[in-house]
Amino acid sequence: MKDNQYSAKYALIYTALTSVILLTPLFFYFIYMKNIHSIQNELLLKEKALVIIKAMQEYNPNEEYFEYPRFKTFQSGLYDEKFKPIFSLIDYKIKYFKKGYHLDGNDAYLIVKLPKNRYFGSQYLIIKNSLSFASVYEKVFLVLFSIVVLVFLLSLIFLQTFAKPFRRLNKTLDNFIKDSMHEINTPLSIINVNIDLYNRKYETNKYLQRMKAASKVLSNIYNDMDYLIKHERLSYETEEINLGAFLQERIEYFSEVARMKNIEIHTNIETSPLIYINPKQLQRVIDNTISNAIKYSYENSSIDVSLYIKEQKAHLSFRDYGVGIEKVEKIFSRYYRENSDKGGFGIGLNIVKSIIDKLNIDLKIDSTPKKGSEFLYIFPSTFHKEI
């Protein structure tokens, strides 16, 4: 994962956790703001009630009619002592006939007791409006949004600043590994070439055979490391490859490694389809599978490699008769080694998994501890044509 993606990911996680923690005080802030808004509305209702009472006080009985005050967003009415309407503009069913301020959902109303027999025989003045908390929600949302943005930006800045020394260290380590890989490749190639030249000139030497096998194991580890370093930066172009011939070549390459444990590799190539794939990626899949099969096979055993077409798809099978796998779900994790005595870095199958996932190649594993394992690769039908 790139550094920026890493920082953004954990900044989001930290922001989410912080936001959840802040929800509690924000909830109480929301309740407080609703209460404040309700109190302000109560004062507003009282203000309108005073306007109505003042208008009734100023009414002259000698006048022909009384013009009852009306408001755009408020409803009001006059009621007798049994709360029967004398005059009312309220189209709402009053639930609580008790002096004071009342809330019923988003409806708010104020009941004011009037002097007896003074205002048109009414005993109560009721004034009502609808209470909206939209402004409260808006304020709370703005506060929450501001907190989230601020925490995210501060987290991002903090994580990027905190990660700087690690980025420098990783860059130094990457450069060291790249230089080391380059330095290893040259002597490794010289060893392989000189062993081949010696074997051509003189009789076969079992010690040189062991050296040759060891150098091939080392070459496979080198190729894994090289792929791991470069695969994110390089684009792998596909080529038309004869899968049967390619497979046979890789088996020949590992034959000396297999002979070190007296393991025979049996091949059953029923067909040789042409597939469209990058040769380096295909090599990493086959090499790591054969290498693991040899590594975890018992001595004096065998490995069966089969290539056939089934349901218009190329099937490539590797079966060994060795220690088997106890935790199949973990073997593709990077640096995981089920048996540390066998050596390796635990990156081979992780590379295989990344390649087959990218290329939509199915993998089925059948393994029984102490009996062996089978790795079956099923290539998409679009990958090949038969020859």
# chains A, B, ... in the order shown; residues from 1 in each chain; ligands from 1
call {"tool": "residues_around", "arguments": {"residues": "Ser122 (chain A)", "least_positions_apart": "2", "cutoff": "8 Å", "atoms": "only C-alpha atoms", "output": "list in words"}}
result
Leu78, Tyr79, Asp80, Glu81, Ile86, Leu114, Lys116, Asn117, Arg118, Tyr119, Phe120, Tyr124 and Leu125 of chain A
call {"tool": "write_last_selection", "arguments": {"atoms": "N, CA and C atoms", "output": "tab-separated table (two decimals), in the first residue's frame"}}
result
chain	number	residue	atom	x	y	z
A	78	LEU	N	-60.29	31.76	21.94
A	78	LEU	CA	-60.78	32.05	23.28
A	78	LEU	C	-61.70	30.91	23.71
A	79	TYR	N	-61.54	30.45	24.97
A	79	TYR	CA	-62.30	29.30	25.45
A	79	TYR	C	-62.91	29.62	26.81
A	80	ASP	N	-64.07	28.95	27.09
A	80	ASP	CA	-64.70	29.18	28.39
A	80	ASP	C	-64.04	28.32	29.44
A	81	GLU	N	-64.64	28.28	30.65
A	81	GLU	CA	-63.99	27.58	31.76
A	81	GLU	C	-63.97	26.07	31.57
A	86	ILE	N	-65.15	29.69	22.40
A	86	ILE	CA	-66.03	30.85	22.20
A	86	ILE	C	-65.74	31.43	20.81
A	114	LEU	N	-57.40	33.78	31.79
A	114	LEU	CA	-57.84	35.18	31.70
A	114	LEU	C	-58.72	35.52	32.91
A	116	LYS	N	-61.89	36.45	34.98
A	116	LYS	CA	-63.25	35.97	34.77
A	116	LYS	C	-64.18	37.08	34.30
A	117	ASN	N	-65.01	36.76	33.31
A	117	ASN	CA	-66.02	37.67	32.77
A	117	ASN	C	-65.46	39.01	32.31
A	118	ARG	N	-64.27	38.97	31.74
A	118	ARG	CA	-63.68	40.24	31.30
A	118	ARG	C	-63.52	40.30	29.79
A	119	TYR	N	-63.11	39.22	29.18
A	119	TYR	CA	-62.85	39.24	27.74
A	119	TYR	C	-63.85	38.34	27.02
A	120	PHE	N	-65.02	38.92	26.73
A	120	PHE	CA	-66.07	38.24	25.95
A	120	PHE	C	-66.51	36.94	26.61
A	124	TYR	N	-60.05	31.27	29.04
A	124	TYR	CA	-58.70	30.88	28.61
A	124	TYR	C	-58.39	31.40	27.21
A	125	LEU	N	-57.13	31.75	27.04
A	125	LEU	CA	-56.62	32.10	25.72
A	125	LEU	C	-55.58	31.03	25.34
call {"tool": "select_by_dssp", "arguments": {"residues": "region 168-303 of chain A", "states": "helix (DSSP H, G or I)", "output": "count of residues only"}}
result
93
call {"tool": "residues_around", "arguments": {"residues": "Val148 (chain A)", "least_positions_apart": "3", "cutoff": "10 Å", "atoms": "only C-alpha atoms", "output": "list in words"}}
result
Leu12, Thr15, Ala16, Thr18, Ser19, Leu22, Leu142, Val143, Leu144, Phe145, Val151, Phe152, Leu153 and Leu154 of chain A
call {"tool": "residues_around", "arguments": {"residues": "Leu359 (chain A)", "least_positions_apart": "3", "cutoff": "12 Å", "atoms": "only C-alpha atoms", "output": "list in words"}}
result
Tyr236, Thr238, Tyr276, Ile277, Asn278, Gln281, Leu282, Val285, Val352, Lys353, Ser354, Ile355, Ile356, Asp362, Leu363, Tyr377, Ile378, Phe379, Pro380, Ser381, Thr382 and Phe383 of chain A
call {"tool": "residues_around", "arguments": {"residues": "Leu44 (chain A)", "least_positions_apart": "3", "cutoff": "12 Å", "atoms": "only C-alpha atoms", "output": "list in words"}}
result
His37, Ser38, Ile39, Gln40, Asn41, Glu47, Lys48, Ala49, Leu50, Val51, Thr73, Phe74, Tyr101, Ala108, Tyr109, Leu110, Ile127, Lys128, Asn129, Ser130 and Leu131 of chain A
